[in-house]
Amino acid sequence: MKLRFVQNSLRLRLRKSELKKLQETNQIDESVTFGPGQTLVYQLQSLNTTNQPEISYTDGNIVVQLPKPLVTQWANSDQVSIEYHLSVNKTDQLHLLIEKDFPCQHQEEENFEDTFFELSDFSYSNEQKA
């Protein structure tokens, strides 16, 4: 699962295997360690207990929660992303974007089979390295 921050937005990109795991276990986790005792953990959860996307940040942990029916619909369709604008205070919103991961055209060694190349504009051919 890839994580990207730009201004007041958070984007998560999931490979096919990660989306499958989210459906099966209702949670996927990743972490980045910056040094001793300095780890950022980010989680995506699929829950029956929430009606709309929610996000929290506590002690180095980012948790994004999505309604399970929304995840199921997204996973079983050609829908590329789930997008929401969440109010974080009286004046600011957080743009939340969760996407199916496409192959990168500039990375020839990428494993195309675990990306959603069939939904992208990327031309997948036998010329690509296996």
# chains A, B, ... in the order shown; residues from 1 in each chain; ligands from 1
call {"tool": "residues_around", "arguments": {"residues": "A:Asp101", "least_positions_apart": "5", "cutoff": "10 Å", "atoms": "only C-alpha atoms", "output": "ChimeraX atom specification"}}
result
/A:1-2,12-16,18-19,80-81,112,114-117,119-120
call {"tool": "residues_around", "arguments": {"residues": "stretch 44-49 of chain A", "least_positions_apart": "3", "cutoff": "7 Å", "atoms": "only C-alpha atoms", "output": "list in words"}}
result
Leu22, Asn26, Gln27, Ile28, Asp29, Val63, Val64, Gln65, Leu66, Pro67, Lys68 and Val71 of chain A
call {"tool": "atom_distance", "arguments": {"atom1": "atom CA of A:Arg11", "atom2": "atom CA of A:Glu83"}}
result
9.2 Å
call {"tool": "select_by_dssp", "arguments": {"residues": "chain A", "states": "alpha helix (DSSP H)", "output": "PyMOL selection string"}}
result
chain A and resi 16-25+68-75
call {"tool": "closest_residue", "arguments": {"among": "A:Leu3, A:Ile82, A:Ala75, A:Leu70", "to": "A:Gln43", "atoms": "only C-alpha atoms"}}
result
A:Leu3
call {"tool": "residues_around", "arguments": {"residues": "A:Val88", "least_positions_apart": "3", "cutoff": "12 Å", "atoms": "only C-alpha atoms", "output": "list of chain:residue names"}}
result
A:Asn8, A:Ser9, A:Glu54, A:Ile55, A:Ser56, A:Tyr57, A:His85, A:Thr91, A:Asp92, A:Gln93, A:Leu94, A:His95, A:Leu96
call {"tool": "write_last_selection", "arguments": {"atoms": "C-alpha atoms", "output": "mmCIF file, in the first residue's frame"}}
result
data_model
loop_
_atom_site.group_PDB
_atom_site.id
_atom_site.type_symbol
_atom_site.label_atom_id
_atom_site.label_comp_id
_atom_site.auth_asym_id
_atom_site.auth_seq_id
_atom_site.Cartn_x
_atom_site.Cartn_y
_atom_site.Cartn_z
ATOM 1 C CA ASN A 8 -3.983 18.775 2.924
ATOM 2 C CA SER A 9 -4.598 15.508 1.119
ATOM 3 C CA GLU A 54 -13.118 8.415 8.860
ATOM 4 C CA ILE A 55 -9.477 9.146 9.602
ATOM 5 C CA SER A 56 -7.500 9.506 12.804
ATOM 6 C CA TYR A 57 -3.899 10.200 13.741
ATOM 7 C CA HIS A 85 -13.446 15.484 1.661
ATOM 8 C CA THR A 91 -12.206 25.890 8.187
ATOM 9 C CA ASP A 92 -10.165 22.957 6.847
ATOM 10 C CA GLN A 93 -10.902 19.773 4.971
ATOM 11 C CA LEU A 94 -8.746 16.731 4.348
ATOM 12 C CA HIS A 95 -8.944 15.339 0.837
ATOM 13 C CA LEU A 96 -8.918 11.533 1.112
#
call {"tool": "select_by_dssp", "arguments": {"residues": "stretch 34-69 of chain A", "states": "strand (DSSP E or B)", "output": "list in words"}}
result
Phe34, Gly35, Gln38, Thr39, Leu40, Val41, Tyr42, Gln43, Leu44, Gln45, Ser46, Leu47, Glu54, Ile55, Ser56, Tyr57, Thr58, Asn61, Ile62, Val63, Val64, Gln65, Leu66 and Pro67 of chain A
call {"tool": "atom_distance", "arguments": {"atom1": "atom CA of A:Trp74", "atom2": "atom CA of A:Lys100"}}
result
9.3 Å
call {"tool": "decode", "arguments": {"residues": "stretch 43-101 of chain A", "atoms": "C-alpha atoms", "output": "PDB file, in the first residue's frame"}}
result
ATOM      1  CA  GLN A  43      -3.737   1.304   8.328  1.00  0.00           C
ATOM      2  CA  LEU A  44      -6.759   0.939   6.115  1.00  0.00           C
ATOM      3  CA  GLN A  45      -9.766  -0.725   7.722  1.00  0.00           C
ATOM      4  CA  SER A  46     -13.059  -1.965   6.317  1.00  0.00           C
ATOM      5  CA  LEU A  47     -15.755  -1.834   9.001  1.00  0.00           C
ATOM      6  CA  ASN A  48     -19.471  -2.455   9.356  1.00  0.00           C
ATOM      7  CA  THR A  49     -19.526   0.041  12.230  1.00  0.00           C
ATOM      8  CA  THR A  50     -18.889   3.175  10.192  1.00  0.00           C
ATOM      9  CA  ASN A  51     -21.254   4.829   7.709  1.00  0.00           C
ATOM     10  CA  GLN A  52     -18.735   7.142   6.064  1.00  0.00           C
ATOM     11  CA  PRO A  53     -14.955   7.324   5.732  1.00  0.00           C
ATOM     12  CA  GLU A  54     -13.118   8.415   8.860  1.00  0.00           C
ATOM     13  CA  ILE A  55      -9.477   9.146   9.602  1.00  0.00           C
ATOM     14  CA  SER A  56      -7.500   9.506  12.804  1.00  0.00           C
ATOM     15  CA  TYR A  57      -3.899  10.200  13.741  1.00  0.00           C
ATOM     16  CA  THR A  58      -2.544   9.285  17.177  1.00  0.00           C
ATOM     17  CA  ASP A  59       1.024   8.662  18.338  1.00  0.00           C
ATOM     18  CA  GLY A  60       2.454   7.972  14.885  1.00  0.00           C
ATOM     19  CA  ASN A  61      -0.521   5.906  13.701  1.00  0.00           C
ATOM     20  CA  ILE A  62      -2.740   6.929  10.798  1.00  0.00           C
ATOM     21  CA  VAL A  63      -5.970   4.936  10.632  1.00  0.00           C
ATOM     22  CA  VAL A  64      -8.361   5.275   7.689  1.00  0.00           C
ATOM     23  CA  GLN A  65     -11.720   3.554   8.170  1.00  0.00           C
ATOM     24  CA  LEU A  66     -14.116   2.832   5.324  1.00  0.00           C
ATOM     25  CA  PRO A  67     -17.627   1.390   5.382  1.00  0.00           C
ATOM     26  CA  LYS A  68     -17.438  -2.292   4.439  1.00  0.00           C
ATOM     27  CA  PRO A  69     -20.229  -2.068   1.800  1.00  0.00           C
ATOM     28  CA  LEU A  70     -18.300   0.741   0.094  1.00  0.00           C
ATOM     29  CA  VAL A  71     -15.116  -1.372   0.004  1.00  0.00           C
ATOM     30  CA  THR A  72     -17.016  -4.382  -1.347  1.00  0.00           C
ATOM     31  CA  GLN A  73     -18.618  -2.345  -4.128  1.00  0.00           C
ATOM     32  CA  TRP A  74     -15.293  -0.724  -5.046  1.00  0.00           C
ATOM     33  CA  ALA A  75     -13.352  -4.002  -4.999  1.00  0.00           C
ATOM     34  CA  ASN A  76     -15.833  -5.789  -7.252  1.00  0.00           C
ATOM     35  CA  SER A  77     -16.093  -3.126  -9.935  1.00  0.00           C
ATOM     36  CA  ASP A  78     -14.062  -1.108 -12.420  1.00  0.00           C
ATOM     37  CA  GLN A  79     -14.366   1.881 -10.093  1.00  0.00           C
ATOM     38  CA  VAL A  80     -10.835   3.253  -9.742  1.00  0.00           C
ATOM     39  CA  SER A  81     -11.082   5.255  -6.535  1.00  0.00           C
ATOM     40  CA  ILE A  82     -12.940   6.247  -3.417  1.00  0.00           C
ATOM     41  CA  GLU A  83     -12.767   9.974  -2.774  1.00  0.00           C
ATOM     42  CA  TYR A  84     -13.973  12.071   0.146  1.00  0.00           C
ATOM     43  CA  HIS A  85     -13.446  15.484   1.661  1.00  0.00           C
ATOM     44  CA  LEU A  86     -13.483  15.228   5.436  1.00  0.00           C
ATOM     45  CA  SER A  87     -13.926  18.258   7.694  1.00  0.00           C
ATOM     46  CA  VAL A  88     -11.054  18.395  10.175  1.00  0.00           C
ATOM     47  CA  ASN A  89     -12.049  21.662  11.851  1.00  0.00           C
ATOM     48  CA  LYS A  90     -14.258  24.686  11.150  1.00  0.00           C
ATOM     49  CA  THR A  91     -12.206  25.890   8.187  1.00  0.00           C
ATOM     50  CA  ASP A  92     -10.165  22.957   6.847  1.00  0.00           C
ATOM     51  CA  GLN A  93     -10.902  19.773   4.971  1.00  0.00           C
ATOM     52  CA  LEU A  94      -8.746  16.731   4.348  1.00  0.00           C
ATOM     53  CA  HIS A  95      -8.944  15.339   0.837  1.00  0.00           C
ATOM     54  CA  LEU A  96      -8.918  11.533   1.112  1.00  0.00           C
ATOM     55  CA  LEU A  97      -8.303   9.475  -2.026  1.00  0.00           C
ATOM     56  CA  ILE A  98      -8.000   5.683  -2.037  1.00  0.00           C
ATOM     57  CA  GLU A  99      -7.109   4.188  -5.409  1.00  0.00           C
ATOM     58  CA  LYS A 100      -6.419   0.942  -7.161  1.00  0.00           C
ATOM     59  CA  ASP A 101      -2.731   0.919  -8.054  1.00  0.00           C
TER      60      ASP A 101
END
